[in-house]
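S.K.: run.cif is reproduced below (mmCIF, N, CA and C atoms).
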data_work
loop_
_atom_site.label_atom_id
_atom_site.label_comp_id
_atom_site.auth_asym_id
_atom_site.auth_seq_id
_atom_site.Cartn_x
_atom_site.Cartn_y
_atom_site.Cartn_z
N MET A 97 145.13 51.20 264.57
CA MET A 97 144.89 49.84 264.94
C MET A 97 144.61 49.72 266.43
N ASP A 98 145.23 50.55 267.24
CA ASP A 98 144.99 50.46 268.68
C ASP A 98 143.52 50.70 269.01
N ASP A 99 142.87 51.60 268.27
CA ASP A 99 141.46 51.89 268.52
C ASP A 99 140.57 50.73 268.10
N VAL A 100 140.99 49.98 267.09
CA VAL A 100 140.18 48.87 266.59
C VAL A 100 140.37 47.64 267.46
N PHE A 101 141.60 47.33 267.81
CA PHE A 101 141.88 46.11 268.57
C PHE A 101 141.75 46.37 270.06
N THR A 102 140.54 46.66 270.50
CA THR A 102 140.30 46.95 271.92
C THR A 102 139.58 45.79 272.60
N HIS A 103 139.82 45.69 273.89
CA HIS A 103 139.17 44.67 274.71
C HIS A 103 137.66 44.86 274.68
N GLY A 104 136.95 43.78 274.54
CA GLY A 104 135.50 43.85 274.51
C GLY A 104 134.94 44.05 273.10
N TRP A 105 135.79 44.42 272.16
CA TRP A 105 135.37 44.55 270.78
C TRP A 105 136.11 43.54 269.91
N ALA A 106 137.43 43.59 269.95
CA ALA A 106 138.24 42.69 269.13
C ALA A 106 138.64 41.42 269.88
N TYR A 107 138.73 41.48 271.18
CA TYR A 107 139.13 40.32 271.97
C TYR A 107 138.52 40.43 273.36
N GLY A 108 138.66 39.39 274.14
CA GLY A 108 138.05 39.34 275.46
C GLY A 108 136.81 38.46 275.42
N SER A 109 136.12 38.34 276.53
CA SER A 109 134.98 37.42 276.62
C SER A 109 133.85 37.77 275.64
N GLN A 110 133.70 39.04 275.29
CA GLN A 110 132.66 39.44 274.34
C GLN A 110 133.24 40.07 273.07
N GLY A 111 134.54 40.03 272.93
CA GLY A 111 135.20 40.65 271.78
C GLY A 111 135.30 39.70 270.60
N ASP A 112 134.25 39.65 269.82
CA ASP A 112 134.21 38.69 268.71
C ASP A 112 134.07 39.35 267.34
N LYS A 113 134.24 40.64 267.26
CA LYS A 113 133.98 41.36 266.01
C LYS A 113 134.94 41.00 264.88
N LEU A 114 136.10 40.47 265.20
CA LEU A 114 137.06 40.10 264.16
C LEU A 114 137.11 38.59 263.93
N LYS A 115 136.25 37.86 264.61
CA LYS A 115 136.24 36.41 264.49
C LYS A 115 135.99 36.01 263.04
N GLY A 116 136.83 35.14 262.52
CA GLY A 116 136.70 34.66 261.15
C GLY A 116 137.22 35.61 260.09
N LYS A 117 137.75 36.75 260.50
CA LYS A 117 138.28 37.73 259.55
C LYS A 117 139.76 37.45 259.29
N LYS A 118 140.22 37.85 258.11
CA LYS A 118 141.64 37.75 257.77
C LYS A 118 142.27 39.13 257.90
N LEU A 119 143.54 39.15 258.21
CA LEU A 119 144.26 40.40 258.37
C LEU A 119 145.54 40.35 257.56
N GLY A 120 145.78 41.36 256.77
CA GLY A 120 147.03 41.49 256.03
C GLY A 120 147.76 42.72 256.52
N ILE A 121 149.04 42.61 256.70
CA ILE A 121 149.83 43.73 257.21
C ILE A 121 150.93 44.07 256.22
N ALA A 122 151.05 45.34 255.89
CA ALA A 122 152.14 45.84 255.06
C ALA A 122 152.83 46.94 255.87
N MET A 123 154.14 46.97 255.82
CA MET A 123 154.90 47.96 256.59
C MET A 123 155.49 49.02 255.69
N SER A 124 155.49 50.24 256.17
CA SER A 124 156.16 51.35 255.52
C SER A 124 156.79 52.19 256.62
N ILE A 125 158.06 52.49 256.47
CA ILE A 125 158.77 53.23 257.52
C ILE A 125 158.31 54.68 257.56
N GLY A 126 158.30 55.36 256.44
CA GLY A 126 157.77 56.72 256.37
C GLY A 126 158.49 57.76 257.20
N ASP A 127 159.79 57.63 257.36
CA ASP A 127 160.55 58.61 258.12
C ASP A 127 161.92 58.76 257.48
N LYS A 128 162.67 59.71 257.94
CA LYS A 128 164.00 59.96 257.40
C LYS A 128 164.97 58.86 257.81
N LYS A 129 165.85 58.51 256.89
CA LYS A 129 166.83 57.45 257.13
C LYS A 129 167.68 57.74 258.37
N GLU A 130 168.05 58.99 258.57
CA GLU A 130 168.92 59.33 259.71
C GLU A 130 168.25 59.14 261.07
N ASN A 131 166.93 59.07 261.09
CA ASN A 131 166.23 58.82 262.35
C ASN A 131 166.36 57.37 262.79
N TYR A 132 166.71 56.49 261.83
CA TYR A 132 166.86 55.07 262.12
C TYR A 132 168.33 54.71 262.29
N LEU A 133 168.96 55.40 263.19
CA LEU A 133 170.34 55.15 263.61
C LEU A 133 170.33 55.09 265.13
N PRO A 134 171.33 54.45 265.74
CA PRO A 134 171.38 54.43 267.20
C PRO A 134 171.33 55.84 267.81
N THR A 135 171.81 56.85 267.06
CA THR A 135 171.80 58.22 267.56
C THR A 135 170.59 59.02 267.06
N GLY A 136 169.73 58.40 266.26
CA GLY A 136 168.55 59.08 265.71
C GLY A 136 167.38 59.08 266.67
N SER A 137 166.30 59.70 266.26
CA SER A 137 165.13 59.84 267.14
C SER A 137 164.45 58.50 267.46
N VAL A 138 164.60 57.51 266.57
CA VAL A 138 164.01 56.20 266.81
C VAL A 138 164.93 55.35 267.69
N SER A 139 166.22 55.60 267.60
CA SER A 139 167.25 54.92 268.39
C SER A 139 167.55 53.49 267.94
N PHE A 140 166.96 53.04 266.87
CA PHE A 140 167.21 51.70 266.34
C PHE A 140 167.35 51.79 264.83
N THR A 141 168.07 50.84 264.25
CA THR A 141 168.15 50.76 262.80
C THR A 141 166.87 50.11 262.28
N VAL A 142 166.61 50.25 260.99
CA VAL A 142 165.43 49.62 260.39
C VAL A 142 165.53 48.11 260.58
N ASP A 143 166.73 47.54 260.38
CA ASP A 143 166.91 46.10 260.58
C ASP A 143 166.54 45.66 261.99
N GLU A 144 166.86 46.47 262.98
CA GLU A 144 166.51 46.13 264.36
C GLU A 144 165.00 46.22 264.58
N VAL A 145 164.37 47.21 263.98
CA VAL A 145 162.93 47.40 264.15
C VAL A 145 162.14 46.24 263.53
N ILE A 146 162.58 45.79 262.36
CA ILE A 146 161.83 44.75 261.66
C ILE A 146 162.34 43.34 261.93
N ALA A 147 163.26 43.17 262.84
CA ALA A 147 163.85 41.85 263.13
C ALA A 147 162.80 40.76 263.37
N PRO A 148 161.72 41.02 264.11
CA PRO A 148 160.74 39.96 264.33
C PRO A 148 160.01 39.50 263.06
N PHE A 149 160.08 40.31 262.00
CA PHE A 149 159.36 40.00 260.77
C PHE A 149 160.25 39.43 259.67
N LYS A 150 161.53 39.29 259.95
CA LYS A 150 162.46 38.84 258.92
C LYS A 150 162.31 37.37 258.60
N ALA A 151 162.53 37.05 257.35
CA ALA A 151 162.51 35.67 256.88
C ALA A 151 163.59 35.54 255.80
N SER A 152 163.76 34.35 255.30
CA SER A 152 164.74 34.16 254.24
C SER A 152 164.24 34.84 252.96
N ASP A 153 165.16 35.11 252.05
CA ASP A 153 164.78 35.73 250.77
C ASP A 153 163.73 34.90 250.05
N GLU A 154 163.87 33.60 250.10
CA GLU A 154 162.90 32.71 249.45
C GLU A 154 161.52 32.87 250.09
N ASP A 155 161.47 32.92 251.41
CA ASP A 155 160.20 33.10 252.11
C ASP A 155 159.59 34.47 251.80
N ILE A 156 160.43 35.49 251.74
CA ILE A 156 159.94 36.84 251.45
C ILE A 156 159.37 36.91 250.04
N ASN A 157 160.07 36.33 249.08
CA ASN A 157 159.58 36.33 247.70
C ASN A 157 158.25 35.61 247.58
N GLN A 158 158.12 34.48 248.23
CA GLN A 158 156.85 33.74 248.18
C GLN A 158 155.75 34.50 248.90
N SER A 159 156.06 35.10 250.03
CA SER A 159 155.07 35.89 250.77
C SER A 159 154.58 37.07 249.94
N ALA A 160 155.50 37.72 249.23
CA ALA A 160 155.11 38.85 248.38
C ALA A 160 154.15 38.40 247.29
N LYS A 161 154.44 37.28 246.66
CA LYS A 161 153.54 36.74 245.63
C LYS A 161 152.18 36.40 246.22
N ASP A 162 152.18 35.76 247.37
CA ASP A 162 150.92 35.38 248.02
C ASP A 162 150.12 36.61 248.42
N TYR A 163 150.80 37.64 248.91
CA TYR A 163 150.13 38.87 249.35
C TYR A 163 149.49 39.58 248.16
N ILE A 164 150.20 39.67 247.05
CA ILE A 164 149.66 40.30 245.84
C ILE A 164 148.42 39.54 245.36
N LYS A 165 148.52 38.22 245.35
CA LYS A 165 147.39 37.39 244.94
C LYS A 165 146.20 37.63 245.87
N TYR A 166 146.45 37.71 247.17
CA TYR A 166 145.40 37.94 248.16
C TYR A 166 144.72 39.29 247.94
N ILE A 167 145.52 40.33 247.73
CA ILE A 167 144.97 41.68 247.55
C ILE A 167 144.10 41.74 246.30
N PHE A 168 144.59 41.17 245.22
CA PHE A 168 143.85 41.29 243.95
C PHE A 168 142.62 40.40 243.87
N GLN A 169 142.46 39.48 244.78
CA GLN A 169 141.23 38.69 244.76
C GLN A 169 140.04 39.51 245.23
N TYR A 170 140.29 40.65 245.89
CA TYR A 170 139.22 41.51 246.38
C TYR A 170 139.04 42.76 245.54
N LYS A 171 139.78 42.87 244.46
CA LYS A 171 139.75 44.06 243.61
C LYS A 171 138.49 44.10 242.79
#
Write out the structure in this file as structure tokens.

M.R.:
Amino acid sequence: MDDVFTHGWAYGSQGDKLKGKKLGIAMSIGDKKENYLPTGSVSFTVDEVIAPFKASDEDINQSAKDYIKYIFQYK
């Protein structure tokens, strides 16, 4: 994503390549559980890493349904 979201292409005075586009994000940790401890290589728990993305269970359930619907409309 860092290569795609660059100044002058994705944003900035001439960065209009993503204008009008939608973006969906799905997260996957993809590492060993023990790395997500204060003493692990990541130094944070999974809960700490994803804190900015947390919502209520009701919000998460609705978001999951909406995301599945969004994905399958392009299938």

S.K.: To one decimal place, how far is atom C of Lys128 of chain A from atom N of Val145 of chain A in Å?

M.R.: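 If I compute the distance from atom C of Lys128 of chain A to atom N of Val145 of chain A, I get 13.2 Å.
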
S.K.: Could you name the residues that touch Lys117 of chain A at 12 Å or less, counting only C-alpha atoms, but leaving out those on the same chain fewer than 4 positions away, as a list of chain:residue names?

M.R.: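 Near neighbours after the sequence-gap exclusion: A:Ala106, A:Asp112, A:Lys113.
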
S.K.: Output as JSON the centre and edge lengths (Å, one decimal) of the box along x, y and z of the file that holds every listed atom of segment 151-156 of chain A after adding 5 Å on each side.

M.R.:
{"center_x": 162.3, "center_y": 34.9, "center_z": 253.4, "size_x": 15.8, "size_y": 14.3, "size_z": 17.9}

S.K.: Atom CA of Ile125 of chain A and atom CA of Thr141 of chain A, how far apart in Å?

M.R.: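 Separation of atom CA of Thr141 of chain A and atom CA of Ile125 of chain A: 11.0 Å.
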
S.K.: From chain A, collect each residue whose DSSP state is helix (DSSP H, G or I) and return the set as a VMD selection string.

M.R.: chain A and resid 129 to 131 142 to 145 147 to 149 153 to 168

S.K.: Can you spit out the residues from that selection as a tab-separated table (two decimals), keeping the file's coordinate frame, using N, CA and C atoms?

M.R.:
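Full text of out19.tsv as output:
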chain	number	residue	atom	x	y	z
A	129	LYS	N	165.85	58.51	256.89
A	129	LYS	CA	166.83	57.45	257.13
A	129	LYS	C	167.68	57.74	258.37
A	130	GLU	N	168.05	58.99	258.57
A	130	GLU	CA	168.92	59.33	259.71
A	130	GLU	C	168.25	59.14	261.07
A	131	ASN	N	166.93	59.07	261.09
A	131	ASN	CA	166.23	58.82	262.35
A	131	ASN	C	166.36	57.37	262.79
A	142	VAL	N	166.61	50.25	260.99
A	142	VAL	CA	165.43	49.62	260.39
A	142	VAL	C	165.53	48.11	260.58
A	143	ASP	N	166.73	47.54	260.38
A	143	ASP	CA	166.91	46.10	260.58
A	143	ASP	C	166.54	45.66	261.99
A	144	GLU	N	166.86	46.47	262.98
A	144	GLU	CA	166.51	46.13	264.36
A	144	GLU	C	165.00	46.22	264.58
A	145	VAL	N	164.37	47.21	263.98
A	145	VAL	CA	162.93	47.40	264.15
A	145	VAL	C	162.14	46.24	263.53
A	147	ALA	N	163.26	43.17	262.84
A	147	ALA	CA	163.85	41.85	263.13
A	147	ALA	C	162.80	40.76	263.37
A	148	PRO	N	161.72	41.02	264.11
A	148	PRO	CA	160.74	39.96	264.33
A	148	PRO	C	160.01	39.50	263.06
A	149	PHE	N	160.08	40.31	262.00
A	149	PHE	CA	159.36	40.00	260.77
A	149	PHE	C	160.25	39.43	259.67
A	153	ASP	N	165.16	35.11	252.05
A	153	ASP	CA	164.78	35.73	250.77
A	153	ASP	C	163.73	34.90	250.05
A	154	GLU	N	163.87	33.60	250.10
A	154	GLU	CA	162.90	32.71	249.45
A	154	GLU	C	161.52	32.87	250.09
A	155	ASP	N	161.47	32.92	251.41
A	155	ASP	CA	160.20	33.10	252.11
A	155	ASP	C	159.59	34.47	251.80
A	156	ILE	N	160.43	35.49	251.74
A	156	ILE	CA	159.94	36.84	251.45
A	156	ILE	C	159.37	36.91	250.04
A	157	ASN	N	160.07	36.33	249.08
A	157	ASN	CA	159.58	36.33	247.70
A	157	ASN	C	158.25	35.61	247.58
A	158	GLN	N	158.12	34.48	248.23
A	158	GLN	CA	156.85	33.74	248.18
A	158	GLN	C	155.75	34.50	248.90
A	159	SER	N	156.06	35.10	250.03
A	159	SER	CA	155.07	35.89	250.77
A	159	SER	C	154.58	37.07	249.94
A	160	ALA	N	155.50	37.72	249.23
A	160	ALA	CA	155.11	38.85	248.38
A	160	ALA	C	154.15	38.40	247.29
A	161	LYS	N	154.44	37.28	246.66
A	161	LYS	CA	153.54	36.74	245.63
A	161	LYS	C	152.18	36.40	246.22
A	162	ASP	N	152.18	35.76	247.37
A	162	ASP	CA	150.92	35.38	248.02
A	162	ASP	C	150.12	36.61	248.42
A	163	TYR	N	150.80	37.64	248.91
A	163	TYR	CA	150.13	38.87	249.35
A	163	TYR	C	149.49	39.58	248.16
A	164	ILE	N	150.20	39.67	247.05
A	164	ILE	CA	149.66	40.30	245.84
A	164	ILE	C	148.42	39.54	245.36
A	165	LYS	N	148.52	38.22	245.35
A	165	LYS	CA	147.39	37.39	244.94
A	165	LYS	C	146.20	37.63	245.87
A	166	TYR	N	146.45	37.71	247.17
A	166	TYR	CA	145.40	37.94	248.16
A	166	TYR	C	144.72	39.29	247.94
A	167	ILE	N	145.52	40.33	247.73
A	167	ILE	CA	144.97	41.68	247.55
A	167	ILE	C	144.10	41.74	246.30
A	168	PHE	N	144.59	41.17	245.22
A	168	PHE	CA	143.85	41.29	243.95
A	168	PHE	C	142.62	40.40	243.87

S.K.: Select, from A:Gln158, A:Gln169, A:Thr102, A:Ser152, the residue with the minimum atom-to-atom distance to Leu114 of chain A, counting only C-alpha atoms.

M.R.: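 Closest residue, counting only C-alpha atoms: A:Thr102.
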
S.K.: To one decimal in Å, tell me the separation between atom N of Ser159 of chain A and atom CA of Ser124 of chain A.

M.R.: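 Taking atom N of Ser159 of chain A and atom CA of Ser124 of chain A, their separation equals 17.2 Å.
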
S.K.: Using only C-alpha atoms, which residue out of A:Pro134, A:Gly120, A:Gly126, A:Pro148 lies closest to Ile164 of chain A?

M.R.: A:Gly120
